[in-house]
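Enquirer: Would you mind keeping the following structure in view while I ask a few things?
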Amino acid sequence: MRATLRGGPPRVSVAEILWSWLGAFLGIGTVGLLGRFVLTGTDNLFMIGSFGASAVLVYGAPHSPLAQPRNLVGGHILSALVGVLCYQALHPIPGLAEAVAVASAIALMHLTRTLHPPGGATALIAVIGSQELHALGYFFVLVPVGLGAVFLLIVGLLINNLSTHRRYPEFWL
């Protein structure tokens, strides 16, 4: 239980903080606006909580293997698919559906080399979401999850490559 490193994490420059802020603002803002046009009249289903965690990785830690395009898009899509499947098969036993969804999403992301921690939240959201979300069925995998992840990626590509000391992605596949 002893830490291997002394002290805390390294400090981040003000420039890095501002680039992270700008990326998150534009990424989440773009997904929010897109949701207003694509899923009009719904309960803002396009803005799922796990996108906030993805923004931390893509804009705040763009060099992390967990933030790369394969992980961002693949992790969300596979996890959403698992979550919808678990909800449809196990919704009479909510606690079981939730546990199977998250655990299976992690296992599938490991198997496919698409590990993206927010994917676990996406799988859980598919199970615990509103009736309106459940009514989307497998469409949830494409919209909002797939399309939202792609837009977070597009903004990540633009913002993270505007800075002279950032490069994104580290790898595609």
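Following the order of the structure tokens, chains are lettered A, B, ..., residues in each are numbered from 1, and ligands are numbered from 1.
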Quick one: pick out all helix (DSSP H, G or I) residues within stretch 48-106 of chain A from a backbone DSSP run and write them as a PyMOL selection string.

Expert: chain A and resi 50-60+65-67+69-90+94-106

Enquirer: Residues of stretch 57-160 of chain A within 10 Å of stretch 20-29 of chain A: nearest atom pair and distance (Å, one decimal) for each, counting only C-alpha atoms, sorted by chain and number, as CSV?

Expert:
residue,atom,partner,partner_atom,distance
A:Leu57,CA,A:Ser20,CA,9.5
A:Val58,CA,A:Gly23,CA,8.3
A:Tyr59,CA,A:Ser20,CA,4.8
A:Gly60,CA,A:Ser20,CA,4.9
A:Ala61,CA,A:Ser20,CA,8.3
A:Pro62,CA,A:Ser20,CA,9.1
A:Gly148,CA,A:Ile28,CA,9.1
A:Ala149,CA,A:Gly27,CA,9.6
A:Phe151,CA,A:Gly27,CA,7.1
A:Leu152,CA,A:Gly27,CA,5.2
A:Leu153,CA,A:Gly27,CA,8.2
A:Ile154,CA,A:Gly27,CA,8.3
A:Val155,CA,A:Gly27,CA,5.5
A:Gly156,CA,A:Gly23,CA,6.6
A:Leu157,CA,A:Gly23,CA,9.6
A:Leu158,CA,A:Gly23,CA,8.7
A:Ile159,CA,A:Gly23,CA,5.8
A:Asn160,CA,A:Gly23,CA,7.5

Enquirer: Would you mind reading off the distance between atom CA of A:Pro92 and atom CA of A:Gly146, one decimal, in Å?

Expert: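 We find that atom CA of A:Pro92 and atom CA of A:Gly146 lie 26.7 Å from each other.
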
Enquirer: Please report the interatomic distance between atom CA of A:Ala123 and atom CA of A:Ala80 in Å with one decimal.

Expert: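 Those two atoms sit 5.0 Å apart.
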
Enquirer: Neighbours of A:Leu115 within 12 Å (only C-alpha atoms; same-chain residues fewer than 3 positions away dropped), as a list in words?

Expert: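 Here the qualifying residues turn out to be Ser54, Ser64, Pro65, Leu66, Ala67, Gln68, Pro69, Arg70, Asn71, Leu72, Val73, Gly74, Gly75, His76, Ile77, Leu78, Ser79, Ser104, Ala105, Ile106, Ala107, Leu108, Met109, His110, Leu111, Thr112, Pro118, Gly119 and Gly120 of chain A.
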
Enquirer: List the spatial neighbours of A:Val100 as a short mmCIF file (atom, residue, chain, number, x, y, z; two decimals) with N, CA, C and O atoms, in the first residue's frame - criterion: any atom at most 9 Å away, only C-alpha atoms, same-chain residues fewer than 2 positions off excluded.

Expert:
data_model
loop_
_atom_site.label_atom_id
_atom_site.label_comp_id
_atom_site.auth_asym_id
_atom_site.auth_seq_id
_atom_site.Cartn_x
_atom_site.Cartn_y
_atom_site.Cartn_z
N VAL A 82 -23.08 -3.89 -25.49
CA VAL A 82 -23.18 -4.79 -24.35
C VAL A 82 -24.27 -4.32 -23.39
O VAL A 82 -25.08 -5.12 -22.91
N GLY A 83 -24.31 -3.03 -23.11
CA GLY A 83 -25.31 -2.49 -22.19
C GLY A 83 -26.73 -2.70 -22.67
O GLY A 83 -27.61 -3.11 -21.90
N CYS A 86 -27.56 -6.40 -22.39
CA CYS A 86 -27.79 -6.79 -20.99
C CYS A 86 -29.13 -6.26 -20.48
O CYS A 86 -29.84 -6.96 -19.76
N LEU A 90 -31.72 -8.92 -19.27
CA LEU A 90 -31.73 -9.06 -17.81
C LEU A 90 -32.48 -7.97 -17.05
O LEU A 90 -32.38 -7.91 -15.82
N GLY A 95 -29.99 -5.28 -10.72
CA GLY A 95 -28.64 -5.37 -10.18
C GLY A 95 -27.75 -6.31 -10.99
O GLY A 95 -26.58 -6.03 -11.22
N LEU A 96 -28.32 -7.41 -11.43
CA LEU A 96 -27.58 -8.35 -12.25
C LEU A 96 -27.27 -7.75 -13.62
O LEU A 96 -26.16 -7.86 -14.11
N ALA A 97 -28.27 -7.09 -14.22
CA ALA A 97 -28.06 -6.47 -15.53
C ALA A 97 -26.95 -5.43 -15.47
O ALA A 97 -26.09 -5.37 -16.37
N GLU A 98 -26.93 -4.63 -14.42
CA GLU A 98 -25.91 -3.60 -14.27
C GLU A 98 -24.51 -4.21 -14.13
O GLU A 98 -23.57 -3.79 -14.80
N VAL A 102 -21.38 -3.91 -17.06
CA VAL A 102 -20.09 -3.26 -16.84
C VAL A 102 -18.95 -4.28 -16.94
O VAL A 102 -17.94 -4.05 -17.62
N ALA A 103 -19.10 -5.42 -16.27
CA ALA A 103 -18.04 -6.44 -16.30
C ALA A 103 -17.80 -6.96 -17.72
O ALA A 103 -16.65 -7.11 -18.15
N SER A 104 -18.87 -7.19 -18.46
CA SER A 104 -18.74 -7.69 -19.82
C SER A 104 -18.17 -6.64 -20.76
O SER A 104 -17.40 -6.97 -21.67
N ALA A 105 -18.53 -5.39 -20.55
CA ALA A 105 -17.96 -4.31 -21.37
C ALA A 105 -16.45 -4.23 -21.16
O ALA A 105 -15.69 -4.09 -22.12
#

Enquirer: Suppose you want the space between atom CA of A:Thr122 and atom CA of A:Phe51; what is it in Å?

Expert: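 Between atom CA of A:Thr122 and atom CA of A:Phe51 the gap works out to 8.5 Å.
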
Enquirer: May I have the residues within 8 Å of A:Gly32 as JSON, numbers by chain, using only C-alpha atoms and disregarding those fewer than 3 positions away in the same chain?

Expert: {"A": [28, 29, 35, 36, 44, 46, 47]}

Enquirer: Would you output that residue set with C-alpha atoms, as a CSV table (one decimal), in the first residue's frame?

Expert:
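Contents of part.csv, freshly written:
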chain,number,residue,atom,x,y,z
A,28,ILE,CA,-19.0,18.7,-25.1
A,29,GLY,CA,-20.7,21.9,-26.6
A,35,GLY,CA,-28.2,16.4,-29.8
A,36,ARG,CA,-30.5,19.4,-30.0
A,44,ASN,CA,-31.3,15.5,-24.1
A,46,PHE,CA,-27.5,12.8,-26.7
A,47,MET,CA,-25.5,14.0,-23.7

Enquirer: I want to know what sits within 10 Å of stretch 131-137 of chain A, based on only C-alpha atoms, with residues of the same chain fewer than 2 positions away left out; could you give that as a count of residues only?

Expert: 21
